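For reference, coords27.txt is printed below; it contains compact mmCIF, N, CA, C and O atoms.
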# COMPACT_ATOMS: atom_id res chain seq x y z
N MET J 1 13.01 27.65 -0.67
CA MET J 1 12.14 26.65 -0.11
C MET J 1 10.86 26.51 -0.94
O MET J 1 10.27 25.44 -0.96
N GLY J 2 10.49 27.58 -1.61
CA GLY J 2 9.30 27.53 -2.45
C GLY J 2 9.44 26.57 -3.61
O GLY J 2 8.47 25.92 -4.01
N ALA J 3 10.66 26.47 -4.15
CA ALA J 3 10.89 25.56 -5.26
C ALA J 3 10.73 24.11 -4.81
O ALA J 3 10.25 23.26 -5.58
N VAL J 4 11.10 23.82 -3.57
CA VAL J 4 10.95 22.46 -3.05
C VAL J 4 9.48 22.11 -2.96
O VAL J 4 9.06 21.01 -3.38
N PHE J 5 8.67 23.00 -2.43
CA PHE J 5 7.24 22.74 -2.31
C PHE J 5 6.57 22.67 -3.68
O PHE J 5 5.64 21.89 -3.88
N ASP J 6 7.04 23.48 -4.60
CA ASP J 6 6.51 23.40 -5.97
C ASP J 6 6.75 22.03 -6.57
O ASP J 6 5.87 21.47 -7.23
N PHE J 7 7.95 21.48 -6.34
CA PHE J 7 8.24 20.14 -6.86
C PHE J 7 7.42 19.08 -6.12
O PHE J 7 6.86 18.17 -6.74
N LEU J 8 7.35 19.18 -4.79
CA LEU J 8 6.65 18.16 -4.00
C LEU J 8 5.17 18.05 -4.36
O LEU J 8 4.60 16.96 -4.34
N PHE J 9 4.55 19.16 -4.68
CA PHE J 9 3.13 19.14 -4.98
C PHE J 9 2.83 19.04 -6.47
O PHE J 9 1.68 19.09 -6.88
N SER J 10 3.87 18.87 -7.27
CA SER J 10 3.67 18.65 -8.70
C SER J 10 3.41 17.16 -8.93
O SER J 10 3.68 16.34 -8.06
N PRO J 11 2.88 16.78 -10.08
CA PRO J 11 2.66 15.36 -10.36
C PRO J 11 3.95 14.54 -10.29
O PRO J 11 3.95 13.41 -9.78
N ALA J 12 5.06 15.10 -10.74
CA ALA J 12 6.33 14.38 -10.67
C ALA J 12 6.77 14.20 -9.22
O ALA J 12 7.30 13.15 -8.83
N GLY J 13 6.54 15.20 -8.39
CA GLY J 13 6.90 15.10 -6.99
C GLY J 13 6.05 14.08 -6.26
O GLY J 13 6.56 13.31 -5.43
N LEU J 14 4.77 14.04 -6.55
CA LEU J 14 3.89 13.05 -5.92
C LEU J 14 4.25 11.64 -6.37
O LEU J 14 4.22 10.70 -5.57
N ALA J 15 4.63 11.49 -7.64
CA ALA J 15 5.06 10.18 -8.13
C ALA J 15 6.37 9.76 -7.46
O ALA J 15 6.54 8.59 -7.09
N ALA J 16 7.28 10.70 -7.27
CA ALA J 16 8.55 10.39 -6.59
C ALA J 16 8.28 9.99 -5.14
O ALA J 16 8.92 9.07 -4.62
N TYR J 17 7.36 10.65 -4.49
CA TYR J 17 7.01 10.33 -3.10
C TYR J 17 6.39 8.94 -3.01
O TYR J 17 6.74 8.15 -2.13
N ALA J 18 5.51 8.60 -3.93
CA ALA J 18 4.89 7.27 -3.95
C ALA J 18 5.94 6.20 -4.24
O ALA J 18 5.94 5.13 -3.62
N ALA J 19 6.86 6.49 -5.15
CA ALA J 19 7.92 5.53 -5.47
C ALA J 19 8.84 5.33 -4.27
O ALA J 19 9.28 4.20 -3.99
N PHE J 20 9.12 6.39 -3.55
CA PHE J 20 9.94 6.28 -2.34
C PHE J 20 9.30 5.34 -1.33
O PHE J 20 9.95 4.46 -0.78
N TRP J 21 8.00 5.50 -1.07
CA TRP J 21 7.33 4.65 -0.09
C TRP J 21 7.20 3.21 -0.57
O TRP J 21 7.33 2.27 0.22
N ALA J 22 6.98 3.01 -1.84
CA ALA J 22 6.92 1.65 -2.38
C ALA J 22 8.28 0.96 -2.22
O ALA J 22 8.36 -0.19 -1.79
N PHE J 23 9.34 1.67 -2.54
CA PHE J 23 10.69 1.13 -2.38
C PHE J 23 10.99 0.84 -0.91
O PHE J 23 11.54 -0.20 -0.57
N LYS J 24 10.60 1.75 -0.04
CA LYS J 24 10.86 1.58 1.39
C LYS J 24 10.13 0.35 1.93
O LYS J 24 10.70 -0.42 2.71
N LEU J 25 8.89 0.14 1.53
CA LEU J 25 8.14 -1.03 1.99
C LEU J 25 8.73 -2.32 1.44
O LEU J 25 8.85 -3.32 2.16
N LEU J 26 9.08 -2.34 0.17
CA LEU J 26 9.67 -3.54 -0.43
C LEU J 26 11.04 -3.86 0.18
O LEU J 26 11.34 -5.03 0.46
N ALA J 27 11.84 -2.84 0.39
CA ALA J 27 13.16 -3.06 0.99
C ALA J 27 13.01 -3.56 2.43
O ALA J 27 13.74 -4.46 2.86
N GLY J 28 12.05 -3.02 3.16
CA GLY J 28 11.81 -3.47 4.53
C GLY J 28 11.37 -4.92 4.57
O GLY J 28 11.83 -5.70 5.41
N ALA J 29 10.48 -5.30 3.67
CA ALA J 29 10.02 -6.69 3.62
C ALA J 29 11.18 -7.62 3.24
O ALA J 29 11.31 -8.72 3.80
N TRP J 30 12.05 -7.19 2.34
CA TRP J 30 13.20 -8.00 1.94
C TRP J 30 14.16 -8.16 3.13
O TRP J 30 14.65 -9.26 3.39
N ILE J 31 14.40 -7.08 3.87
CA ILE J 31 15.30 -7.15 5.02
C ILE J 31 14.73 -8.05 6.10
O ILE J 31 15.45 -8.86 6.70
N ILE J 32 13.44 -7.96 6.36
CA ILE J 32 12.81 -8.83 7.36
C ILE J 32 12.92 -10.29 6.93
O ILE J 32 13.21 -11.17 7.73
N GLY J 33 12.69 -10.57 5.66
CA GLY J 33 12.83 -11.94 5.16
C GLY J 33 14.24 -12.48 5.32
O GLY J 33 14.45 -13.63 5.71
N ARG J 34 15.23 -11.65 5.02
CA ARG J 34 16.63 -12.05 5.18
C ARG J 34 16.96 -12.28 6.65
O ARG J 34 17.67 -13.23 6.99
N ALA J 35 16.46 -11.41 7.51
CA ALA J 35 16.74 -11.55 8.94
C ALA J 35 16.10 -12.82 9.50
O ALA J 35 16.68 -13.49 10.35
N LEU J 36 14.91 -13.16 9.02
CA LEU J 36 14.25 -14.38 9.48
C LEU J 36 15.05 -15.62 9.10
O LEU J 36 15.07 -16.60 9.84
N MET J 37 15.71 -15.60 7.95
CA MET J 37 16.48 -16.76 7.51
C MET J 37 17.70 -17.00 8.40
O MET J 37 18.23 -18.10 8.44
N LEU J 38 18.14 -15.98 9.12
CA LEU J 38 19.30 -16.12 10.00
C LEU J 38 18.93 -16.71 11.37
O LEU J 38 19.81 -17.13 12.11
N LEU J 39 17.64 -16.71 11.68
CA LEU J 39 17.19 -17.21 12.98
C LEU J 39 17.17 -18.74 13.01
O LEU J 39 17.01 -19.38 11.98
N PRO J 40 17.28 -19.32 14.21
CA PRO J 40 17.10 -20.77 14.32
C PRO J 40 15.68 -21.16 13.90
O PRO J 40 14.76 -20.34 13.94
N VAL J 41 15.49 -22.42 13.54
CA VAL J 41 14.22 -22.88 12.96
C VAL J 41 13.07 -22.66 13.93
O VAL J 41 12.01 -22.17 13.53
N ARG J 42 13.23 -23.00 15.19
CA ARG J 42 12.13 -22.83 16.16
C ARG J 42 11.71 -21.38 16.30
O ARG J 42 10.53 -21.05 16.30
N VAL J 43 12.69 -20.50 16.40
CA VAL J 43 12.39 -19.07 16.54
C VAL J 43 11.77 -18.53 15.26
O VAL J 43 10.84 -17.72 15.29
N ARG J 44 12.26 -19.01 14.11
CA ARG J 44 11.72 -18.56 12.82
C ARG J 44 10.25 -18.93 12.69
O ARG J 44 9.43 -18.13 12.27
N ARG J 45 9.91 -20.17 13.03
CA ARG J 45 8.51 -20.61 12.93
C ARG J 45 7.62 -19.80 13.86
O ARG J 45 6.52 -19.39 13.48
N LYS J 46 8.10 -19.57 15.09
CA LYS J 46 7.32 -18.79 16.06
C LYS J 46 7.09 -17.36 15.54
O LYS J 46 5.99 -16.82 15.63
N THR J 47 8.13 -16.78 14.97
CA THR J 47 8.02 -15.42 14.43
C THR J 47 7.08 -15.39 13.23
O THR J 47 6.27 -14.46 13.10
N GLN J 48 7.16 -16.39 12.37
CA GLN J 48 6.27 -16.42 11.21
C GLN J 48 4.82 -16.58 11.63
O GLN J 48 3.92 -15.98 11.03
N VAL J 49 4.56 -17.35 12.68
CA VAL J 49 3.19 -17.49 13.19
C VAL J 49 2.70 -16.15 13.71
O VAL J 49 1.57 -15.73 13.43
N ARG J 50 3.54 -15.46 14.47
CA ARG J 50 3.14 -14.14 14.99
C ARG J 50 2.87 -13.15 13.87
O ARG J 50 1.91 -12.39 13.92
N LEU J 51 3.74 -13.13 12.85
CA LEU J 51 3.52 -12.23 11.72
C LEU J 51 2.24 -12.58 10.97
O LEU J 51 1.52 -11.69 10.51
N GLY J 52 1.95 -13.86 10.84
CA GLY J 52 0.70 -14.29 10.20
C GLY J 52 -0.52 -13.83 10.97
O GLY J 52 -1.51 -13.39 10.39
N ARG J 53 -0.44 -13.92 12.30
CA ARG J 53 -1.56 -13.44 13.12
C ARG J 53 -1.75 -11.94 12.96
O ARG J 53 -2.87 -11.45 12.87
N MET J 54 -0.64 -11.21 12.94
CA MET J 54 -0.74 -9.75 12.76
C MET J 54 -1.35 -9.43 11.39
O MET J 54 -2.16 -8.51 11.28
N ARG J 55 -0.95 -10.18 10.37
CA ARG J 55 -1.46 -9.94 9.02
C ARG J 55 -2.96 -10.20 8.96
O ARG J 55 -3.72 -9.45 8.37
N ARG J 56 -3.40 -11.32 9.59
CA ARG J 56 -4.83 -11.65 9.58
C ARG J 56 -5.63 -10.63 10.39
O ARG J 56 -6.73 -10.24 10.00
N ARG J 57 -5.07 -10.15 11.50
CA ARG J 57 -5.76 -9.18 12.33
C ARG J 57 -5.91 -7.85 11.60
O ARG J 57 -6.94 -7.17 11.73
N SER J 58 -4.90 -7.45 10.82
CA SER J 58 -4.98 -6.18 10.10
C SER J 58 -5.95 -6.27 8.91
O SER J 58 -6.46 -5.26 8.47
N ALA J 59 -6.20 -7.47 8.41
CA ALA J 59 -7.09 -7.63 7.27
C ALA J 59 -8.56 -7.56 7.67
O ALA J 59 -9.43 -7.36 6.83
N GLN J 60 -8.83 -7.72 8.94
CA GLN J 60 -10.23 -7.71 9.39
C GLN J 60 -10.79 -6.34 9.48
O GLN J 60 -10.31 -5.35 9.59
Would you mind writing the file out in structure tokens?
Amino acid sequence: MGAVFDFLFSPAGLAAYAAFWAFKLLAGAWIIGRALMLLPVRVRRKTQVRLGRMRRRSAQ
């Protein structure tokens, strides 16, 4: 188990961890975008408005 922690706290391990989260966020955004395209137009617009409000609220 010590070797795992040695890797995780090394520069390569921290870079791998950051790459994992970047990939996870990008893949999640891609999946949400694909899922929105499957929705009917009215529901899609309503969902996009809600997501826009959430985005603006988080930026404040």
#### Entry: Distance in Å - atom CA of Ala35 of chain J versus atom C of Phe20 of chain J
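Atom C of Phe20 of chain J lies 21.1 Å from atom CA of Ala35 of chain J.
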### Message
Just the number, please: distance in Å from atom CA of Leu51 of chain J to atom CA of Ala22 of chain J, one decimal.
### Response
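Here the two named atoms are 20.1 Å from each other.
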### Query
For the atom pair atom CA of Val49 of chain J and atom N of Leu36 of chain J, what is the interatomic distance in Å to one decimal place?
13.2 Å
If you take every atom of segment 4-22 of chain J that the file lists and fit an axis-aligned box around them with 3 Å extra on each side, what centre and edge lengths come out in Å to one decimal, as AutoDock Vina command-line options?
--center_x 6.4 --center_y 11.8 --center_z -5.3 --size_x 15.4 --size_y 30.0 --size_z 17.0
Starting from the block above, write chain J out to a file with C-alpha atoms, as a PDB file, in the first residue's frame, please.
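Saved file result-v5.pdb follows:
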ATOM      1  CA  MET J   1       0.000   0.000   0.000  1.00  0.00           C
ATOM      2  CA  GLY J   2       2.954   2.286   0.576  1.00  0.00           C
ATOM      3  CA  ALA J   3       3.919   2.101  -3.082  1.00  0.00           C
ATOM      4  CA  VAL J   4       0.446   3.302  -4.059  1.00  0.00           C
ATOM      5  CA  PHE J   5       0.717   6.353  -1.816  1.00  0.00           C
ATOM      6  CA  ASP J   6       4.233   7.019  -3.060  1.00  0.00           C
ATOM      7  CA  PHE J   7       2.904   7.140  -6.613  1.00  0.00           C
ATOM      8  CA  LEU J   8      -0.191   9.202  -5.721  1.00  0.00           C
ATOM      9  CA  PHE J   9       1.833  11.911  -4.017  1.00  0.00           C
ATOM     10  CA  SER J  10       4.538  12.024  -6.670  1.00  0.00           C
ATOM     11  CA  PRO J  11       4.374  14.617  -9.467  1.00  0.00           C
ATOM     12  CA  ALA J  12       3.378  11.902 -11.948  1.00  0.00           C
ATOM     13  CA  GLY J  13       0.612  10.717  -9.646  1.00  0.00           C
ATOM     14  CA  LEU J  14      -0.758  14.222  -9.163  1.00  0.00           C
ATOM     15  CA  ALA J  15      -0.681  14.768 -12.933  1.00  0.00           C
ATOM     16  CA  ALA J  16      -2.529  11.473 -13.467  1.00  0.00           C
ATOM     17  CA  TYR J  17      -5.134  12.516 -10.889  1.00  0.00           C
ATOM     18  CA  ALA J  18      -5.631  15.907 -12.576  1.00  0.00           C
ATOM     19  CA  ALA J  19      -5.898  14.218 -15.989  1.00  0.00           C
ATOM     20  CA  PHE J  20      -8.487  11.806 -14.613  1.00  0.00           C
ATOM     21  CA  TRP J  21     -10.692  14.649 -13.353  1.00  0.00           C
ATOM     22  CA  ALA J  22     -10.301  16.650 -16.562  1.00  0.00           C
ATOM     23  CA  PHE J  23     -11.324  13.596 -18.590  1.00  0.00           C
ATOM     24  CA  LYS J  24     -14.229  12.879 -16.250  1.00  0.00           C
ATOM     25  CA  LEU J  25     -15.565  16.439 -16.555  1.00  0.00           C
ATOM     26  CA  LEU J  26     -15.201  16.521 -20.346  1.00  0.00           C
ATOM     27  CA  ALA J  27     -16.811  13.106 -20.760  1.00  0.00           C
ATOM     28  CA  GLY J  28     -19.676  14.144 -18.488  1.00  0.00           C
ATOM     29  CA  ALA J  29     -20.272  17.328 -20.471  1.00  0.00           C
ATOM     30  CA  TRP J  30     -20.208  15.326 -23.722  1.00  0.00           C
ATOM     31  CA  ILE J  31     -22.718  12.792 -22.343  1.00  0.00           C
ATOM     32  CA  ILE J  32     -25.047  15.551 -21.125  1.00  0.00           C
ATOM     33  CA  GLY J  33     -24.872  17.217 -24.545  1.00  0.00           C
ATOM     34  CA  ARG J  34     -25.698  13.945 -26.298  1.00  0.00           C
ATOM     35  CA  ALA J  35     -28.563  13.252 -23.894  1.00  0.00           C
ATOM     36  CA  LEU J  36     -30.013  16.726 -24.495  1.00  0.00           C
ATOM     37  CA  MET J  37     -30.078  16.087 -28.246  1.00  0.00           C
ATOM     38  CA  LEU J  38     -32.358  13.088 -27.660  1.00  0.00           C
ATOM     39  CA  LEU J  39     -34.980  15.161 -25.836  1.00  0.00           C
ATOM     40  CA  PRO J  40     -37.946  16.809 -27.554  1.00  0.00           C
ATOM     41  CA  VAL J  41     -37.373  20.455 -28.526  1.00  0.00           C
ATOM     42  CA  ARG J  42     -39.569  21.966 -25.792  1.00  0.00           C
ATOM     43  CA  VAL J  43     -37.953  19.912 -23.045  1.00  0.00           C
ATOM     44  CA  ARG J  44     -34.479  20.606 -24.461  1.00  0.00           C
ATOM     45  CA  ARG J  45     -35.018  24.379 -24.420  1.00  0.00           C
ATOM     46  CA  LYS J  46     -36.404  24.262 -20.880  1.00  0.00           C
ATOM     47  CA  THR J  47     -33.420  22.203 -19.723  1.00  0.00           C
ATOM     48  CA  GLN J  48     -30.939  24.518 -21.444  1.00  0.00           C
ATOM     49  CA  VAL J  49     -32.530  27.528 -19.734  1.00  0.00           C
ATOM     50  CA  ARG J  50     -32.242  25.811 -16.347  1.00  0.00           C
ATOM     51  CA  LEU J  51     -28.606  24.881 -16.990  1.00  0.00           C
ATOM     52  CA  GLY J  52     -27.878  28.469 -18.042  1.00  0.00           C
ATOM     53  CA  ARG J  53     -29.397  29.769 -14.815  1.00  0.00           C
ATOM     54  CA  MET J  54     -27.314  27.330 -12.784  1.00  0.00           C
ATOM     55  CA  ARG J  55     -24.179  28.410 -14.679  1.00  0.00           C
ATOM     56  CA  ARG J  56     -24.886  32.119 -14.079  1.00  0.00           C
ATOM     57  CA  ARG J  57     -25.660  31.498 -10.401  1.00  0.00           C
ATOM     58  CA  SER J  58     -22.396  29.604  -9.879  1.00  0.00           C
ATOM     59  CA  ALA J  59     -20.402  32.407 -11.541  1.00  0.00           C
ATOM     60  CA  GLN J  60     -21.578  34.988  -9.026  1.00  0.00           C
TER      61      GLN J  60
END
